[in-house]
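Asker: Following this line is run36.txt, made up of compact mmCIF, C-alpha atoms and all ligand atoms:
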```
# COMPACT_ATOMS: atom_id res chain seq x y z
CA MET A 1 111.76 97.22 73.24
CA GLU A 2 110.25 98.06 76.62
CA VAL A 3 112.67 99.75 79.03
CA ILE A 4 111.00 100.54 82.30
CA ALA A 5 112.24 102.63 85.21
CA ILE A 6 110.87 102.00 88.71
CA VAL A 7 111.27 104.51 91.52
CA PRO A 8 110.01 103.28 94.90
CA ALA A 9 109.36 106.29 97.08
CA TYR A 10 108.32 106.71 100.67
CA ASN A 11 108.15 110.27 101.96
CA GLU A 12 110.52 111.69 99.36
CA GLU A 13 108.72 114.94 98.53
CA PRO A 14 111.83 117.13 98.95
CA ARG A 15 114.16 114.78 97.00
CA ILE A 16 112.31 112.93 94.22
CA ALA A 17 112.30 115.85 91.73
CA ASP A 18 116.09 115.66 91.32
CA VAL A 19 115.78 112.01 90.26
CA LEU A 20 112.76 112.50 87.97
CA ASP A 21 114.40 115.53 86.32
CA VAL A 22 117.06 113.14 85.03
CA LEU A 23 114.97 110.04 84.28
CA THR A 24 112.31 111.91 82.31
CA HIS A 25 114.99 113.21 79.93
CA ILE A 26 116.21 109.75 78.98
CA ASP A 27 114.73 108.89 75.62
CA TYR A 28 114.96 105.09 75.78
CA PHE A 29 112.58 104.72 78.70
CA THR A 30 109.20 103.52 77.51
CA GLY A 31 107.71 103.88 80.99
CA ILE A 32 108.68 105.46 84.30
CA TYR A 33 106.77 104.26 87.37
CA VAL A 34 106.85 105.97 90.73
CA VAL A 35 105.36 103.95 93.57
CA ASP A 36 104.35 106.23 96.39
CA ASP A 37 103.91 103.74 99.15
CA GLY A 38 101.50 105.42 101.53
CA SER A 39 103.67 108.49 102.03
CA ILE A 40 102.37 111.04 104.46
CA ASP A 41 103.98 113.91 102.56
CA ASP A 42 103.35 115.15 98.99
CA THR A 43 105.58 112.68 97.16
CA SER A 44 102.75 111.87 94.69
CA MET A 45 102.02 115.50 94.03
CA VAL A 46 105.63 116.16 93.05
CA ALA A 47 105.75 112.99 90.91
CA ASN A 48 102.53 114.01 89.14
CA ARG A 49 104.26 117.11 87.76
CA TYR A 50 106.28 114.78 85.55
CA ASP A 51 105.45 112.56 82.62
CA VAL A 52 105.48 109.40 84.73
CA THR A 53 102.94 106.88 85.97
CA THR A 54 102.41 107.40 89.68
CA ILE A 55 100.95 104.53 91.64
CA ARG A 56 99.89 105.18 95.16
CA HIS A 57 99.50 102.47 97.77
CA SER A 58 96.99 103.69 100.33
CA GLN A 59 99.12 102.22 103.09
CA ASN A 60 102.81 101.48 103.40
CA LEU A 61 103.60 97.97 102.16
CA GLY A 62 107.38 98.23 101.87
CA LYS A 63 109.91 98.66 99.10
CA GLY A 64 109.65 95.06 97.87
CA ALA A 65 105.88 95.22 97.52
CA ALA A 66 106.16 98.54 95.69
CA ILE A 67 108.46 96.98 93.12
CA GLN A 68 106.22 93.92 92.80
CA THR A 69 103.24 96.15 92.00
CA VAL A 70 105.01 97.45 88.90
CA LEU A 71 106.38 94.06 87.84
CA ASP A 72 102.83 92.68 87.96
CA MET A 73 101.40 95.36 85.69
CA THR A 74 104.14 95.68 83.08
CA ASP A 75 106.03 93.55 80.61
CA GLY A 76 109.49 95.06 80.30
CA ASP A 77 112.53 93.81 78.42
CA TYR A 78 114.66 95.74 80.91
CA TYR A 79 113.78 97.11 84.32
CA LEU A 80 115.88 99.83 85.91
CA PHE A 81 115.50 100.66 89.58
CA PHE A 82 116.37 103.97 91.19
CA ASP A 83 115.96 105.19 94.73
CA ALA A 84 114.07 108.47 94.99
CA ASP A 85 116.70 110.12 97.17
CA LEU A 86 119.73 110.05 94.90
CA ILE A 87 122.17 112.92 94.77
CA GLY A 88 124.07 113.47 91.54
CA LEU A 89 122.23 111.07 89.21
CA THR A 90 123.13 111.53 85.52
CA LYS A 91 122.31 109.72 82.30
CA SER A 92 125.75 108.14 82.32
CA HIS A 93 124.82 106.27 85.54
CA VAL A 94 121.69 104.93 83.86
CA ASP A 95 123.68 103.90 80.77
CA ALA A 96 126.28 102.20 82.97
CA LEU A 97 123.56 99.99 84.47
CA ILE A 98 121.83 98.93 81.25
CA GLU A 99 124.73 98.68 78.79
CA PRO A 100 126.39 95.53 80.20
CA LEU A 101 123.05 93.71 79.92
CA ILE A 102 122.50 94.79 76.35
CA ARG A 103 126.01 93.67 75.42
CA SER A 104 125.93 90.31 77.21
CA GLU A 105 123.64 87.34 76.69
CA ASP A 106 124.49 85.86 80.10
CA ILE A 107 124.30 88.77 82.52
CA VAL A 108 120.79 89.03 83.99
CA MET A 109 121.32 91.85 86.47
CA SER A 110 123.61 94.79 87.10
CA VAL A 111 124.01 96.20 90.59
CA GLY A 112 125.42 99.70 90.92
CA THR A 113 128.32 100.34 93.24
CA PHE A 114 128.71 103.84 94.62
CA LYS A 115 132.23 105.13 94.43
CA ALA A 116 133.59 108.43 95.61
CA GLY A 117 134.72 110.76 92.88
CA SER A 118 135.84 114.35 92.95
CA LYS A 119 132.33 115.43 93.96
CA VAL A 120 131.16 113.03 96.66
CA SER A 121 132.38 110.69 99.32
CA VAL A 122 130.57 107.45 100.14
CA ASN A 123 130.21 105.70 103.44
CA LEU A 124 131.59 102.28 104.30
CA ALA A 125 128.29 100.44 103.98
CA GLN A 126 127.78 101.85 100.49
CA LYS A 127 131.29 100.88 99.48
CA TYR A 128 131.46 97.34 100.82
CA PHE A 129 127.89 96.10 100.73
CA SER A 130 126.91 96.73 97.15
CA ILE A 131 124.48 93.80 97.47
CA LEU A 132 122.27 96.36 99.22
CA ASN A 133 122.46 98.92 96.43
CA GLY A 134 119.05 99.79 94.99
CA GLN A 135 120.39 101.08 91.66
CA ARG A 136 119.98 98.08 89.40
CA CYS A 137 119.03 96.87 85.97
CA LEU A 138 117.30 93.51 85.49
CA LYS A 139 116.54 91.73 82.27
CA GLY A 140 112.80 91.25 81.93
CA CYS A 141 113.09 87.46 81.83
CA PHE A 142 114.92 87.50 85.17
CA ALA A 143 112.58 90.02 86.78
CA LYS A 144 109.54 88.00 85.76
CA GLN A 145 111.05 84.77 87.04
CA LEU A 146 111.68 86.14 90.54
CA PRO A 147 109.41 84.76 93.24
CA SER A 148 107.13 87.40 94.76
CA LEU A 149 109.03 90.29 96.36
CA SER A 150 105.99 91.48 98.28
CA TRP A 151 107.14 90.28 101.70
CA THR A 152 110.72 91.49 101.50
CA ARG A 153 110.43 95.19 102.42
CA PHE A 154 114.02 96.51 102.74
CA GLY A 155 115.31 93.00 102.03
CA VAL A 156 114.32 93.27 98.38
CA GLU A 157 117.85 93.83 97.06
CA VAL A 158 119.27 90.97 99.10
CA PHE A 159 116.50 88.71 97.84
CA MET A 160 117.14 89.56 94.18
CA SER A 161 120.87 88.98 94.63
CA LYS A 162 120.47 85.73 96.55
CA TYR A 163 118.05 84.43 93.94
CA ALA A 164 120.55 85.14 91.14
CA ASP A 165 123.23 83.49 93.26
CA ILE A 166 121.26 80.29 93.85
CA LYS A 167 120.39 80.02 90.17
CA HIS A 168 124.04 80.64 89.20
CA TYR A 169 123.03 83.59 87.06
CA LYS A 170 125.61 86.17 86.08
CA VAL A 171 125.54 89.57 87.76
CA CYS A 172 127.81 92.55 87.14
CA TYR A 173 128.65 95.51 89.35
CA PRO A 174 129.19 98.69 87.36
CA VAL A 175 130.76 101.52 89.31
CA LEU A 176 128.64 104.65 89.58
CA TYR A 177 131.00 107.55 90.23
CA ASN A 178 129.88 110.64 92.07
CA LEU A 179 126.50 109.20 92.91
CA THR A 180 125.23 109.01 96.44
CA HIS A 181 121.99 109.43 98.38
CA TYR A 182 120.52 110.95 101.50
CA ARG A 183 120.78 108.83 104.59
CA LYS A 184 117.91 108.29 106.97
CA GLU A 185 119.54 110.42 109.65
CA GLU A 186 119.74 113.31 107.18
CA LYS A 187 116.09 112.93 106.23
CA LEU A 188 114.59 112.35 109.65
CA GLY A 189 117.07 113.65 112.20
CA PHE A 190 119.46 111.49 114.17
CA LYS A 191 117.14 109.67 116.57
CA LYS A 192 114.23 108.91 114.24
CA GLY A 193 116.63 108.13 111.41
CA PHE A 194 118.68 105.76 113.50
CA LEU A 195 115.60 103.87 114.74
CA TYR A 196 114.36 103.56 111.16
CA ARG A 197 117.84 102.31 110.19
CA LEU A 198 117.62 99.57 112.84
CA GLN A 199 114.26 98.56 111.42
CA MET A 200 115.79 98.40 107.93
CA TYR A 201 118.68 96.22 109.16
CA LYS A 202 116.15 93.94 110.85
CA GLU A 203 114.25 93.50 107.59
CA ILE A 204 117.47 92.85 105.66
CA LEU A 205 118.66 90.33 108.23
CA TYR A 206 115.28 88.61 108.21
CA THR A 207 115.51 88.24 104.43
CA TYR A 208 118.99 86.74 104.78
CA MET A 209 117.63 84.20 107.23
CA VAL A 210 114.52 83.08 105.37
CA TYR A 211 115.09 83.71 101.65
CA LYS A 212 115.60 80.01 100.86
CA LYS A 213 112.05 79.29 101.93
CA TYR A 214 110.77 81.61 99.21
CA ILE A 215 112.89 80.32 96.32
N1 LIG B 1 107.71 102.33 97.88
C1 LIG B 1 108.47 102.30 98.97
N2 LIG B 1 109.67 102.83 98.89
C2 LIG B 1 110.43 102.82 99.98
C3 LIG B 1 110.01 102.29 101.20
N3 LIG B 1 111.01 102.42 102.09
C4 LIG B 1 112.00 103.05 101.43
N4 LIG B 1 111.66 103.29 100.16
C5 LIG B 1 112.42 103.96 99.10
O1 LIG B 1 113.55 103.17 98.83
C6 LIG B 1 114.68 103.99 98.62
C7 LIG B 1 115.76 103.66 99.62
O2 LIG B 1 115.27 103.86 100.93
P1 LIG B 1 116.14 104.56 102.06
O3 LIG B 1 115.30 104.70 103.27
O4 LIG B 1 116.76 105.77 101.51
O5 LIG B 1 117.21 103.45 102.38
P2 LIG B 1 118.75 103.36 102.04
O6 LIG B 1 119.13 104.42 101.09
O7 LIG B 1 119.00 101.96 101.63
O8 LIG B 1 119.39 103.51 103.45
P3 LIG B 1 120.23 104.66 104.18
O9 LIG B 1 120.98 105.47 103.22
O10 LIG B 1 121.16 103.87 105.01
O11 LIG B 1 119.28 105.44 104.96
C8 LIG B 1 114.17 105.43 98.70
O12 LIG B 1 113.80 105.86 97.42
C9 LIG B 1 112.94 105.30 99.57
O13 LIG B 1 111.99 106.31 99.37
C10 LIG B 1 108.71 101.75 101.28
O14 LIG B 1 108.25 101.27 102.31
N5 LIG B 1 107.99 101.77 100.13
MG MG B 2 118.80 106.52 101.07
```
What is this structure when it is put down as structure tokens?

Answerer:
Amino acid sequence: MEVIAIVPAYNEEPRIADVLDVLTHIDYFTGIYVVDDGSIDDTSMVANRYDVTTIRHSQNLGKGAAIQTVLDMTDGDYYLFFDADLIGLTKSHVDALIEPLIRSEDIVMSVGTFKAGSKVSVNLAQKYFSILNGQRCLKGCFAKQLPSLSWTRFGVEVFMSKYADIKHYKVCYPVLYNLTHYRKEEKLGFKKGFLYRLQMYKEILYTYMVYKKYI
């Protein structure tokens, strides 16, 4: 059985090691793919210290295109997706994403929901818009059936969820306690981070508006 982890990463040099430290100790992964999407920092160099396949796009093509690159070159039974900037990732989070799919014939995708625990608090967007959460597991048959994700950029999660919706496929939302991530403002400073956030919302909104054309 092929169980593949995909970590899209754009300028995550200071943060990606914490995620790869956990993923590379999970014995059921048959492949871990980091897609460094034209980062201008040393994301690839950090990833290369681990037993993972690092793919580098020479220019930034967006999160959706990064994921598509790996889907095109692999044939997984399960695909697990993790952001490269997670704080507090453990094996139990990974298990919580894949187990419902292994147990159920019908469920094609799990979408993680961040929930505050004793260790972390989560912000409102994380709590109420789990459709945007990047921590997911997809059955291979569903992942391979998806129309191309290459155009979606930050809309990739919305597109996956809307596609499942339209096809009336079953999705579940396991709660991931004590898991959170760095926000753009923390990574880039308030002004740059906020402008980048607006750009992300624009891409998500665009996907909401046009996704039907691509299905
Ligand atoms: N490959 C690739 N990965 C990206 C790109 N943009 C973002 N990512 C990765 O996708 C994940 C989520 O991106 P973030 O910018 O943290 O977005 P977010 O966590 O949804 O948003 P905030 O917490 O609100 O800032 C991280 O691992 C990023 O490195 C991109 O253009 N290409
Ligand atoms: Mg983030």

Asker: What's around range 147-159 of chain A at 10 Å? Count only C-alpha atoms, leave out sequence neighbours fewer than 6 positions away in its own chain, and write the answer as a PyMOL selection string.

Answerer: chain A and resi 60-69+71-72+111+130-136+165+199-208+210-212+214-215

Asker: Quick one: contact table of chain A to ligand MG 2 (chain B), 8 Å max, nearest atom pair and distance in Å to one decimal per residue, counting all atoms listed in the file, chain and number order, as a Markdown table?

Answerer:
```
| residue | atom | partner | partner_atom | distance |
| --- | --- | --- | --- | --- |
| A:Asp83 | CA | B:MG2 | MG | 7.1 |
| A:Ala84 | CA | B:MG2 | MG | 7.9 |
| A:Asp85 | CA | B:MG2 | MG | 5.7 |
| A:Leu86 | CA | B:MG2 | MG | 7.2 |
| A:His181 | CA | B:MG2 | MG | 5.1 |
| A:Tyr182 | CA | B:MG2 | MG | 4.8 |
| A:Arg183 | CA | B:MG2 | MG | 4.7 |
| A:Lys184 | CA | B:MG2 | MG | 6.2 |
```

Asker: Report, in Å with one decimal, the straight-line distance from CA of Lys91 in chain A to CA of Thr53 in chain A.

Answerer: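 Between these atoms lies a distance of 19.9 Å.
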
Asker: Return the single residue from A:Val22, A:Val3, A:Ala47, A:Leu146 that is closest to Ile166 in chain A, with distances computed using only C-alpha atoms.

Answerer: A:Leu146

Asker: CA of Phe114 in chain A and CA of Tyr177 in chain A, how far apart in Å?

Answerer: 6.2 Å

Asker: What is the CA of Thr74 in chain A-CA of Thr113 in chain A distance in Å, reported with one decimal?

Answerer: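 Computing it gives 26.6 Å between the two atoms.
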
Asker: Check the smallest atom-to-atom distance from each of A:Val94, A:Val52, A:Leu176, A:Ile87 to ligand LIG 1 (chain B) using all atoms listed in the file, then report the winner.

Answerer: A:Ile87
